[in-house]
Amino acid sequence: MSAIYIHVPFCAKKCPYCDFYSLPATEKTKDKYLARLLELIPATPFDTVYLGGGTPSQLGTKRLLEITNAVNFTATAEVTLECNPSDTPNLDLAALRRGGYNRASLGLQSAVDRERKILGRSGKASEVSLAISCLKEGGFDNISLDIMLGIPEQSAESLVETLEFVRKAEVQHVSAYMLKIEENTPFHGQNLPLPNDVPLYFQACEQLEKQGFRQYEISNFARKGYESRHNLGYWQCEEYLGLGPAAHSFIESKRYYFPRDLSGFIDGNHMIFDGDGGDFEEYAILALRLTEGLREDKVRRRFGHGIPAKTHQAALRLAQHSLVIVDDEGVRLTRRGFLVSNSAMVDLVGA
């Protein structure tokens with residue numbers, strides 16, 4: 001196990017599209033959360049550390065440094081901090097950089113202020129520009145931006161504005177997620193004017209590639225050498241420890257989770273067993289999210305057999321519709337296949 005995920009469940013305000021576990025909290029509650037978290041961090045050395053949320057930057061510089069002081073990470077570890085743009089200028093970023101954080105992820109979502117308002121994002125796009133400048137001045141040279149596709153009222157023209165913002169920002173990584181309306185969110189049940197997100201997805205992929213980003217996963221793009229090592233671990237079905245309310249773990253082929261309950265976490269609840277994991281079907285579904293897809297050599301090395309014949313046969317059928325590429329290296333979804341990845345994976349894996 002070489003990866004640790006820490007879920008920080010604090011947000012100043014809940015965005016109407018977000019289903020992640022988060023809530024506002026007092027400084028006293030944050031201190032209690034941190035005390036419980038520090039009790040659980042093992043002495044194990046980690047190659048990747050990821051603070052997600054919620055809004056980890058809500059913890060402030062001192063608490064964030066207490067976390068990296070407690071985590072035993074290797075000299076070459078990737079240590080990621082998710083930041084809200086409005087919090088970022090208030091952090092001592094140089095101190096955080098010295099404390100081990102070397103990758104930052106910011107939620108842009110859109111550079112169009114009208115769209116940002118619809119999404120409930122505080123501040124204007126200029127606030128994100130300021131946050132990026134502060135991060136660079138603090139010594140961060142590995143910055144990721146989240147953008148969203150299929151936002152209500154988004155158009156090809158407005159997406160150009162967001163992608164141009166990305167180009168000028170000169171960041172190293174972009175995650176481009178298609179808006180999904182989750183049941184337990186304010187957006188659910190609203191009659192939102194949602195655009196056709198298929199052409200927007202193709203537009204984003206093509207423009208990001210022109211800017212020098214390489215797509216390596218359905219929604220993720222990176223300059224060479226800046227792929228998210230932590231998230232690649234998930235998609236390669238590697239083990240990881242998850243700490244914090246709503247955090248999940250995969251340890252020795254078993255899956256666990258902490259309940260979505262901050263008070264219970266602070267009071268000492270434990271991880272709950274969530275069944276076995278890591279079989280071929282799960283491994284294949286995760287691998288097919290990657291542009292390299294399901295590789296024959298990696299399957300054989302992990303399971304002692306190649307890609308099953310039924311998967312090859314299903315892949316050949318999907319290849320006739322330009323959804324899949326099949327060759328000696330293995331099976332991988334095309335960009336068009338990514339758009340129907342859930343149904344394609346059912347055909348390929350039977351899960």
# chains A, B, ... in the order shown; residues from 1 in each chain; ligands from 1

$ select_by_dssp --residues "segment 207-318 of chain A" --states "strand (DSSP E or B)" --output "mmCIF file with N, CA, C and O atoms, in the first residue's frame"
data_model
loop_
_atom_site.group_PDB
_atom_site.id
_atom_site.type_symbol
_atom_site.label_atom_id
_atom_site.label_comp_id
_atom_site.auth_asym_id
_atom_site.auth_seq_id
_atom_site.Cartn_x
_atom_site.Cartn_y
_atom_site.Cartn_z
ATOM 1 N N ARG A 214 -2.113 15.699 -23.070
ATOM 2 C CA ARG A 214 -2.415 14.367 -23.592
ATOM 3 C C ARG A 214 -3.512 13.744 -22.742
ATOM 4 O O ARG A 214 -3.427 13.736 -21.506
ATOM 5 N N GLN A 215 -4.551 13.252 -23.401
ATOM 6 C CA GLN A 215 -5.606 12.581 -22.658
ATOM 7 C C GLN A 215 -5.098 11.217 -22.203
ATOM 8 O O GLN A 215 -4.628 10.421 -23.007
ATOM 9 N N TYR A 216 -5.203 10.941 -20.903
ATOM 10 C CA TYR A 216 -4.767 9.635 -20.411
ATOM 11 C C TYR A 216 -5.889 8.877 -19.709
ATOM 12 O O TYR A 216 -5.731 7.704 -19.363
ATOM 13 N N GLU A 217 -7.029 9.548 -19.515
ATOM 14 C CA GLU A 217 -8.190 8.921 -18.887
ATOM 15 C C GLU A 217 -9.424 9.619 -19.419
ATOM 16 O O GLU A 217 -9.329 10.678 -20.031
ATOM 17 N N ASN A 220 -9.345 13.132 -17.975
ATOM 18 C CA ASN A 220 -8.111 13.723 -17.473
ATOM 19 C C ASN A 220 -7.045 13.882 -18.555
ATOM 20 O O ASN A 220 -6.818 12.977 -19.358
ATOM 21 N N PHE A 221 -6.368 15.033 -18.490
ATOM 22 C CA PHE A 221 -5.405 15.447 -19.503
ATOM 23 C C PHE A 221 -4.179 16.015 -18.789
ATOM 24 O O PHE A 221 -4.309 16.744 -17.800
ATOM 25 N N ALA A 222 -3.007 15.689 -19.295
ATOM 26 C CA ALA A 222 -1.794 16.161 -18.621
ATOM 27 C C ALA A 222 -0.701 16.449 -19.635
ATOM 28 O O ALA A 222 -0.628 15.832 -20.698
ATOM 29 N N TYR A 240 -4.837 1.358 -1.512
ATOM 30 C CA TYR A 240 -4.733 2.692 -0.914
ATOM 31 C C TYR A 240 -5.489 2.711 0.405
ATOM 32 O O TYR A 240 -6.402 1.915 0.634
ATOM 33 N N LEU A 241 -5.073 3.616 1.258
ATOM 34 C CA LEU A 241 -5.744 3.844 2.536
ATOM 35 C C LEU A 241 -6.519 5.139 2.453
ATOM 36 O O LEU A 241 -5.994 6.158 2.004
ATOM 37 N N GLY A 242 -7.772 5.118 2.890
ATOM 38 C CA GLY A 242 -8.594 6.317 2.924
ATOM 39 C C GLY A 242 -8.989 6.659 4.348
ATOM 40 O O GLY A 242 -9.523 5.804 5.070
ATOM 41 N N LEU A 243 -8.730 7.890 4.775
ATOM 42 C CA LEU A 243 -9.068 8.331 6.119
ATOM 43 C C LEU A 243 -9.991 9.540 6.065
ATOM 44 O O LEU A 243 -9.837 10.402 5.211
ATOM 45 N N HIS A 248 -12.852 5.915 1.382
ATOM 46 C CA HIS A 248 -12.823 4.486 1.090
ATOM 47 C C HIS A 248 -11.387 3.992 1.044
ATOM 48 O O HIS A 248 -10.467 4.749 0.736
ATOM 49 N N SER A 249 -11.196 2.693 1.322
ATOM 50 C CA SER A 249 -9.881 2.064 1.295
ATOM 51 C C SER A 249 -9.950 0.757 0.511
ATOM 52 O O SER A 249 -11.003 0.115 0.432
ATOM 53 N N PHE A 250 -8.799 0.370 -0.045
ATOM 54 C CA PHE A 250 -8.648 -0.925 -0.714
ATOM 55 C C PHE A 250 -7.338 -1.525 -0.199
ATOM 56 O O PHE A 250 -6.260 -1.056 -0.545
ATOM 57 N N ILE A 251 -7.470 -2.533 0.673
ATOM 58 C CA ILE A 251 -6.312 -3.092 1.372
ATOM 59 C C ILE A 251 -6.382 -4.618 1.327
ATOM 60 O O ILE A 251 -7.378 -5.211 1.761
ATOM 61 N N LYS A 254 -9.429 -6.264 -0.015
ATOM 62 C CA LYS A 254 -10.666 -5.982 0.706
ATOM 63 C C LYS A 254 -10.957 -4.494 0.615
ATOM 64 O O LYS A 254 -10.047 -3.667 0.604
ATOM 65 N N ARG A 255 -12.238 -4.154 0.570
ATOM 66 C CA ARG A 255 -12.646 -2.757 0.523
ATOM 67 C C ARG A 255 -13.335 -2.365 1.834
ATOM 68 O O ARG A 255 -14.079 -3.159 2.422
ATOM 69 N N TYR A 256 -13.053 -1.119 2.249
ATOM 70 C CA TYR A 256 -13.588 -0.587 3.503
ATOM 71 C C TYR A 256 -14.023 0.858 3.279
ATOM 72 O O TYR A 256 -13.597 1.497 2.322
ATOM 73 N N TYR A 257 -14.831 1.373 4.198
ATOM 74 C CA TYR A 257 -15.185 2.792 4.125
ATOM 75 C C TYR A 257 -15.529 3.315 5.512
ATOM 76 O O TYR A 257 -15.934 2.564 6.406
ATOM 77 N N ILE A 272 -15.726 0.376 7.926
ATOM 78 C CA ILE A 272 -16.688 -0.720 7.765
ATOM 79 C C ILE A 272 -16.267 -1.565 6.564
ATOM 80 O O ILE A 272 -15.927 -1.029 5.498
ATOM 81 N N PHE A 273 -16.292 -2.879 6.732
ATOM 82 C CA PHE A 273 -15.932 -3.788 5.648
ATOM 83 C C PHE A 273 -16.964 -3.670 4.526
ATOM 84 O O PHE A 273 -18.164 -3.680 4.761
ATOM 85 N N ASP A 274 -16.483 -3.588 3.292
ATOM 86 C CA ASP A 274 -17.368 -3.355 2.145
ATOM 87 C C ASP A 274 -17.222 -4.427 1.072
ATOM 88 O O ASP A 274 -17.546 -4.207 -0.083
ATOM 89 N N GLY A 275 -16.681 -5.584 1.436
ATOM 90 C CA GLY A 275 -16.595 -6.691 0.498
ATOM 91 C C GLY A 275 -15.223 -6.845 -0.140
ATOM 92 O O GLY A 275 -14.332 -6.014 0.030
ATOM 93 N N ASP A 276 -15.086 -7.928 -0.868
ATOM 94 C CA ASP A 276 -13.837 -8.192 -1.579
ATOM 95 C C ASP A 276 -13.707 -7.288 -2.791
ATOM 96 O O ASP A 276 -14.702 -6.799 -3.339
ATOM 97 N N LEU A 290 -8.828 4.247 -18.776
ATOM 98 C CA LEU A 290 -7.579 4.816 -19.259
ATOM 99 C C LEU A 290 -7.474 4.706 -20.764
ATOM 100 O O LEU A 290 -7.985 3.759 -21.376
ATOM 101 N N LEU A 294 -7.181 -1.898 -21.453
ATOM 102 C CA LEU A 294 -6.934 -3.184 -20.820
ATOM 103 C C LEU A 294 -5.808 -3.868 -21.589
ATOM 104 O O LEU A 294 -6.005 -4.328 -22.707
ATOM 105 N N ARG A 295 -4.630 -3.917 -20.979
ATOM 106 C CA ARG A 295 -3.441 -4.424 -21.664
ATOM 107 C C ARG A 295 -3.232 -5.908 -21.381
ATOM 108 O O ARG A 295 -3.302 -6.347 -20.227
#

$ select_by_dssp --residues "segment 75-224 of chain A" --states "alpha helix (DSSP H)" --output "VMD selection string"
chain A and resid 93 to 98 113 to 118 125 to 137 156 to 169 197 to 210

$ residues_around --residues "Met178 of chain A" --least-positions-apart "4" --cutoff "6 Å" --atoms "only C-alpha atoms" --output "tab-separated table (two decimals) with N, CA and C atoms, in the first residue's frame"
chain	number	residue	atom	x	y	z
A	148	MET	N	-15.79	21.94	-16.19
A	148	MET	CA	-17.02	21.16	-16.28
A	148	MET	C	-17.65	21.35	-17.66
A	149	LEU	N	-18.20	20.25	-18.18
A	149	LEU	CA	-18.83	20.25	-19.49
A	149	LEU	C	-20.31	19.91	-19.33
A	150	GLY	N	-21.16	20.59	-20.11
A	150	GLY	CA	-22.59	20.36	-20.01
A	150	GLY	C	-23.26	21.20	-18.95

$ residues_around --residues "Thr311 of chain A" --least-positions-apart "2" --cutoff "12 Å" --atoms "only C-alpha atoms" --output "VMD selection string"
chain A and resid 280 to 281 284 to 285 288 294 296 306 to 309 313 to 319 324 326 330 to 332 344 to 351

$ residues_around --residues "Val128 of chain A" --least-positions-apart "2" --cutoff "8 Å" --atoms "only C-alpha atoms" --output "list in words"
Pro85, Ser86, Leu106, Leu108, Lys124, Ala125, Ser126, Leu130, Ala131 and Ile132 of chain A

$ write_last_selection --atoms "N, CA and C atoms" --output "compact mmCIF listing (two decimals), in the first residue's frame"
# COMPACT_ATOMS: atom_id res chain seq x y z
N PRO A 85 -10.28 28.40 -4.83
CA PRO A 85 -9.56 29.61 -5.25
C PRO A 85 -9.67 30.76 -4.26
N SER A 86 -10.81 30.90 -3.60
CA SER A 86 -10.98 32.01 -2.66
C SER A 86 -10.14 31.84 -1.40
N LEU A 106 -7.21 23.02 -8.36
CA LEU A 106 -8.17 24.12 -8.20
C LEU A 106 -9.44 23.85 -8.99
N LEU A 108 -11.90 25.34 -11.20
CA LEU A 108 -12.30 26.44 -12.08
C LEU A 108 -13.76 26.25 -12.50
N LYS A 124 -15.39 35.47 -9.24
CA LYS A 124 -15.30 35.46 -10.69
C LYS A 124 -14.07 34.66 -11.13
N ALA A 125 -13.95 34.47 -12.43
CA ALA A 125 -12.80 33.73 -12.96
C ALA A 125 -11.50 34.42 -12.59
N SER A 126 -11.53 35.74 -12.42
CA SER A 126 -10.32 36.46 -12.04
C SER A 126 -9.79 35.98 -10.69
N LEU A 130 -5.94 34.75 -9.82
CA LEU A 130 -5.15 35.18 -8.68
C LEU A 130 -4.63 33.98 -7.90
N ALA A 131 -5.47 32.97 -7.70
CA ALA A 131 -5.06 31.78 -6.96
C ALA A 131 -3.91 31.07 -7.67
N ILE A 132 -3.99 30.98 -8.99
CA ILE A 132 -2.92 30.34 -9.76
C ILE A 132 -1.61 31.12 -9.61

$ atom_distance --atom1 "atom CA of Gln207 of chain A" --atom2 "atom CA of Glu227 of chain A"
17.9 Å

$ closest_residue --among "A:Glu183, A:Glu78, A:Glu157, A:Asp19" --to "Phe46 of chain A" --atoms "only C-alpha atoms"
A:Glu78

$ closest_residue --among "A:Gly244, A:Ala75, A:Gly107, A:Gly138" --to "Ala176 of chain A" --atoms "only C-alpha atoms"
A:Gly107

$ atom_distance --atom1 "atom CA of Ala43 of chain A" --atom2 "atom CA of Phe140 of chain A"
26.3 Å

$ residues_around --residues "Ser105 of chain A" --least-positions-apart "4" --cutoff "7 Å" --atoms "only C-alpha atoms" --output "list in words"
Leu81, Glu82, Cys83, Ile143, Ser144 and Leu145 of chain A

$ write_last_selection --atoms "N, CA, C and O atoms" --output "PDB file, in the first residue's frame"
ATOM      1  N   LEU A  81      -2.915  18.818  -2.862  1.00  0.00           N
ATOM      2  CA  LEU A  81      -3.843  19.581  -2.023  1.00  0.00           C
ATOM      3  C   LEU A  81      -4.914  20.199  -2.905  1.00  0.00           C
ATOM      4  O   LEU A  81      -4.612  20.988  -3.797  1.00  0.00           O
ATOM      5  N   GLU A  82      -6.176  19.829  -2.657  1.00  0.00           N
ATOM      6  CA  GLU A  82      -7.280  20.497  -3.343  1.00  0.00           C
ATOM      7  C   GLU A  82      -7.538  21.833  -2.661  1.00  0.00           C
ATOM      8  O   GLU A  82      -7.622  21.906  -1.427  1.00  0.00           O
ATOM      9  N   CYS A  83      -7.659  22.880  -3.466  1.00  0.00           N
ATOM     10  CA  CYS A  83      -7.840  24.237  -2.926  1.00  0.00           C
ATOM     11  C   CYS A  83      -9.060  24.901  -3.536  1.00  0.00           C
ATOM     12  O   CYS A  83      -9.335  24.744  -4.730  1.00  0.00           O
ATOM     13  N   ILE A 143       0.180  22.208 -11.173  1.00  0.00           N
ATOM     14  CA  ILE A 143      -1.154  22.723 -10.850  1.00  0.00           C
ATOM     15  C   ILE A 143      -2.173  22.106 -11.793  1.00  0.00           C
ATOM     16  O   ILE A 143      -1.953  22.040 -13.012  1.00  0.00           O
ATOM     17  N   SER A 144      -3.281  21.660 -11.231  1.00  0.00           N
ATOM     18  CA  SER A 144      -4.365  21.076 -12.013  1.00  0.00           C
ATOM     19  C   SER A 144      -5.614  21.945 -11.897  1.00  0.00           C
ATOM     20  O   SER A 144      -5.890  22.503 -10.834  1.00  0.00           O
ATOM     21  N   LEU A 145      -6.351  22.057 -12.988  1.00  0.00           N
ATOM     22  CA  LEU A 145      -7.625  22.774 -12.999  1.00  0.00           C
ATOM     23  C   LEU A 145      -8.754  21.809 -13.333  1.00  0.00           C
ATOM     24  O   LEU A 145      -8.627  20.990 -14.246  1.00  0.00           O
TER      25      LEU A 145
END

$ residues_around --residues "Arg302 of chain A" --least-positions-apart "5" --cutoff "10 Å" --atoms "only C-alpha atoms" --output "CSV table (one decimal) with N, CA and C atoms, in the first residue's frame"
chain,number,residue,atom,x,y,z
A,279,ASP,N,-11.0,-8.2,-8.3
A,279,ASP,CA,-11.1,-9.3,-9.2
A,279,ASP,C,-10.9,-8.8,-10.7
A,280,PHE,N,-10.9,-9.7,-11.6
A,280,PHE,CA,-10.7,-9.3,-13.0
A,280,PHE,C,-11.7,-8.3,-13.5
A,283,TYR,N,-11.0,-4.9,-12.0
A,283,TYR,CA,-9.7,-4.4,-12.6
A,283,TYR,C,-10.0,-3.9,-14.0
A,297,ASP,N,-0.5,-7.7,-21.5
A,297,ASP,CA,0.7,-8.0,-20.6
A,297,ASP,C,0.4,-7.8,-19.1

$ atom_distance --atom1 "atom CA of Ala104 of chain A" --atom2 "atom CA of Leu135 of chain A"
7.9 Å

$ closest_residue --among "A:Leu232, A:Leu40, A:Leu262, A:Ile147" --to "Glu115 of chain A" --atoms "only C-alpha atoms"
A:Ile147

$ closest_residue --among "A:Val174, A:Ala95, A:Val71, A:Leu286" --to "Ser228 of chain A" --atoms "only C-alpha atoms"
A:Val174

$ decode --residues "segment 132-145 of chain A" --atoms "all heavy atoms" --output "PDB file, in the first residue's frame"
ATOM      1  N   ILE A 132      -3.985  30.984  -8.993  1.00  0.00           N
ATOM      2  CA  ILE A 132      -2.916  30.335  -9.761  1.00  0.00           C
ATOM      3  C   ILE A 132      -1.612  31.120  -9.611  1.00  0.00           C
ATOM      4  O   ILE A 132      -0.540  30.536  -9.395  1.00  0.00           O
ATOM      5  CB  ILE A 132      -3.314  30.219 -11.246  1.00  0.00           C
ATOM      6  CG1 ILE A 132      -4.503  29.264 -11.397  1.00  0.00           C
ATOM      7  CG2 ILE A 132      -2.133  29.740 -12.089  1.00  0.00           C
ATOM      8  CD1 ILE A 132      -5.128  29.274 -12.774  1.00  0.00           C
ATOM      9  N   SER A 133      -1.689  32.423  -9.692  1.00  0.00           N
ATOM     10  CA  SER A 133      -0.495  33.262  -9.524  1.00  0.00           C
ATOM     11  C   SER A 133       0.121  33.075  -8.145  1.00  0.00           C
ATOM     12  O   SER A 133       1.350  32.969  -8.000  1.00  0.00           O
ATOM     13  CB  SER A 133      -0.851  34.735  -9.744  1.00  0.00           C
ATOM     14  OG  SER A 133      -1.283  34.965 -11.059  1.00  0.00           O
ATOM     15  N   CYS A 134      -0.737  33.021  -7.117  1.00  0.00           N
ATOM     16  CA  CYS A 134      -0.240  32.829  -5.755  1.00  0.00           C
ATOM     17  C   CYS A 134       0.452  31.475  -5.606  1.00  0.00           C
ATOM     18  O   CYS A 134       1.507  31.369  -4.958  1.00  0.00           O
ATOM     19  CB  CYS A 134      -1.390  32.941  -4.756  1.00  0.00           C
ATOM     20  SG  CYS A 134      -2.064  34.608  -4.582  1.00  0.00           S
ATOM     21  N   LEU A 135      -0.145  30.434  -6.189  1.00  0.00           N
ATOM     22  CA  LEU A 135       0.459  29.109  -6.123  1.00  0.00           C
ATOM     23  C   LEU A 135       1.834  29.095  -6.783  1.00  0.00           C
ATOM     24  O   LEU A 135       2.800  28.536  -6.241  1.00  0.00           O
ATOM     25  CB  LEU A 135      -0.452  28.075  -6.787  1.00  0.00           C
ATOM     26  CG  LEU A 135      -1.677  27.640  -5.977  1.00  0.00           C
ATOM     27  CD1 LEU A 135      -2.674  26.919  -6.860  1.00  0.00           C
ATOM     28  CD2 LEU A 135      -1.257  26.731  -4.815  1.00  0.00           C
ATOM     29  N   LYS A 136       1.932  29.705  -7.945  1.00  0.00           N
ATOM     30  CA  LYS A 136       3.218  29.737  -8.645  1.00  0.00           C
ATOM     31  C   LYS A 136       4.258  30.520  -7.848  1.00  0.00           C
ATOM     32  O   LYS A 136       5.420  30.100  -7.737  1.00  0.00           O
ATOM     33  CB  LYS A 136       3.032  30.326 -10.043  1.00  0.00           C
ATOM     34  CG  LYS A 136       2.243  29.416 -10.989  1.00  0.00           C
ATOM     35  CD  LYS A 136       2.065  30.038 -12.359  1.00  0.00           C
ATOM     36  CE  LYS A 136       1.320  29.106 -13.303  1.00  0.00           C
ATOM     37  NZ  LYS A 136       1.123  29.701 -14.659  1.00  0.00           N
ATOM     38  N   GLU A 137       3.849  31.637  -7.285  1.00  0.00           N
ATOM     39  CA  GLU A 137       4.767  32.429  -6.464  1.00  0.00           C
ATOM     40  C   GLU A 137       5.207  31.655  -5.223  1.00  0.00           C
ATOM     41  O   GLU A 137       6.328  31.838  -4.719  1.00  0.00           O
ATOM     42  CB  GLU A 137       4.110  33.746  -6.059  1.00  0.00           C
ATOM     43  CG  GLU A 137       3.927  34.724  -7.209  1.00  0.00           C
ATOM     44  CD  GLU A 137       3.100  35.939  -6.812  1.00  0.00           C
ATOM     45  OE1 GLU A 137       2.790  36.081  -5.602  1.00  0.00           O
ATOM     46  OE2 GLU A 137       2.749  36.731  -7.702  1.00  0.00           O
ATOM     47  N   GLY A 138       4.339  30.773  -4.731  1.00  0.00           N
ATOM     48  CA  GLY A 138       4.666  29.966  -3.556  1.00  0.00           C
ATOM     49  C   GLY A 138       5.524  28.758  -3.871  1.00  0.00           C
ATOM     50  O   GLY A 138       5.885  28.005  -2.956  1.00  0.00           O
ATOM     51  N   GLY A 139       5.822  28.543  -5.147  1.00  0.00           N
ATOM     52  CA  GLY A 139       6.709  27.446  -5.524  1.00  0.00           C
ATOM     53  C   GLY A 139       6.032  26.231  -6.115  1.00  0.00           C
ATOM     54  O   GLY A 139       6.693  25.222  -6.400  1.00  0.00           O
ATOM     55  N   PHE A 140       4.724  26.287  -6.333  1.00  0.00           N
ATOM     56  CA  PHE A 140       4.014  25.154  -6.938  1.00  0.00           C
ATOM     57  C   PHE A 140       4.185  25.191  -8.462  1.00  0.00           C
ATOM     58  O   PHE A 140       3.816  26.178  -9.105  1.00  0.00           O
ATOM     59  CB  PHE A 140       2.524  25.189  -6.582  1.00  0.00           C
ATOM     60  CG  PHE A 140       2.225  24.748  -5.184  1.00  0.00           C
ATOM     61  CD1 PHE A 140       2.375  25.619  -4.112  1.00  0.00           C
ATOM     62  CD2 PHE A 140       1.794  23.452  -4.923  1.00  0.00           C
ATOM     63  CE1 PHE A 140       2.105  25.212  -2.809  1.00  0.00           C
ATOM     64  CE2 PHE A 140       1.517  23.036  -3.623  1.00  0.00           C
ATOM     65  CZ  PHE A 140       1.675  23.924  -2.564  1.00  0.00           C
ATOM     66  N   ASP A 141       4.728  24.105  -9.014  1.00  0.00           N
ATOM     67  CA  ASP A 141       4.887  24.024 -10.463  1.00  0.00           C
ATOM     68  C   ASP A 141       4.135  22.830 -11.050  1.00  0.00           C
ATOM     69  O   ASP A 141       4.400  22.391 -12.161  1.00  0.00           O
ATOM     70  CB  ASP A 141       6.371  23.947 -10.850  1.00  0.00           C
ATOM     71  CG  ASP A 141       7.093  22.793 -10.175  1.00  0.00           C
ATOM     72  OD1 ASP A 141       6.417  21.977  -9.505  1.00  0.00           O
ATOM     73  OD2 ASP A 141       8.325  22.697 -10.323  1.00  0.00           O
ATOM     74  N   ASN A 142       3.204  22.298 -10.263  1.00  0.00           N
ATOM     75  CA  ASN A 142       2.337  21.213 -10.730  1.00  0.00           C
ATOM     76  C   ASN A 142       0.924  21.559 -10.276  1.00  0.00           C
ATOM     77  O   ASN A 142       0.536  21.284  -9.145  1.00  0.00           O
ATOM     78  CB  ASN A 142       2.796  19.878 -10.146  1.00  0.00           C
ATOM     79  CG  ASN A 142       2.052  18.689 -10.741  1.00  0.00           C
ATOM     80  OD1 ASN A 142       1.108  18.857 -11.514  1.00  0.00           O
ATOM     81  ND2 ASN A 142       2.461  17.491 -10.385  1.00  0.00           N
ATOM     82  N   ILE A 143       0.180  22.208 -11.173  1.00  0.00           N
ATOM     83  CA  ILE A 143      -1.154  22.723 -10.850  1.00  0.00           C
ATOM     84  C   ILE A 143      -2.173  22.106 -11.793  1.00  0.00           C
ATOM     85  O   ILE A 143      -1.953  22.040 -13.012  1.00  0.00           O
ATOM     86  CB  ILE A 143      -1.194  24.260 -10.960  1.00  0.00           C
ATOM     87  CG1 ILE A 143      -0.181  24.888  -9.993  1.00  0.00           C
ATOM     88  CG2 ILE A 143      -2.595  24.793 -10.684  1.00  0.00           C
ATOM     89  CD1 ILE A 143      -0.002  26.386 -10.175  1.00  0.00           C
ATOM     90  N   SER A 144      -3.281  21.660 -11.231  1.00  0.00           N
ATOM     91  CA  SER A 144      -4.365  21.076 -12.013  1.00  0.00           C
ATOM     92  C   SER A 144      -5.614  21.945 -11.897  1.00  0.00           C
ATOM     93  O   SER A 144      -5.890  22.503 -10.834  1.00  0.00           O
ATOM     94  CB  SER A 144      -4.682  19.661 -11.507  1.00  0.00           C
ATOM     95  OG  SER A 144      -5.752  19.091 -12.229  1.00  0.00           O
ATOM     96  N   LEU A 145      -6.351  22.057 -12.988  1.00  0.00           N
ATOM     97  CA  LEU A 145      -7.625  22.774 -12.999  1.00  0.00           C
ATOM     98  C   LEU A 145      -8.754  21.809 -13.333  1.00  0.00           C
ATOM     99  O   LEU A 145      -8.627  20.990 -14.246  1.00  0.00           O
ATOM    100  CB  LEU A 145      -7.618  23.898 -14.042  1.00  0.00           C
ATOM    101  CG  LEU A 145      -6.760  25.128 -13.774  1.00  0.00           C
ATOM    102  CD1 LEU A 145      -6.883  26.105 -14.940  1.00  0.00           C
ATOM    103  CD2 LEU A 145      -7.155  25.810 -12.472  1.00  0.00           C
TER     104      LEU A 145
END
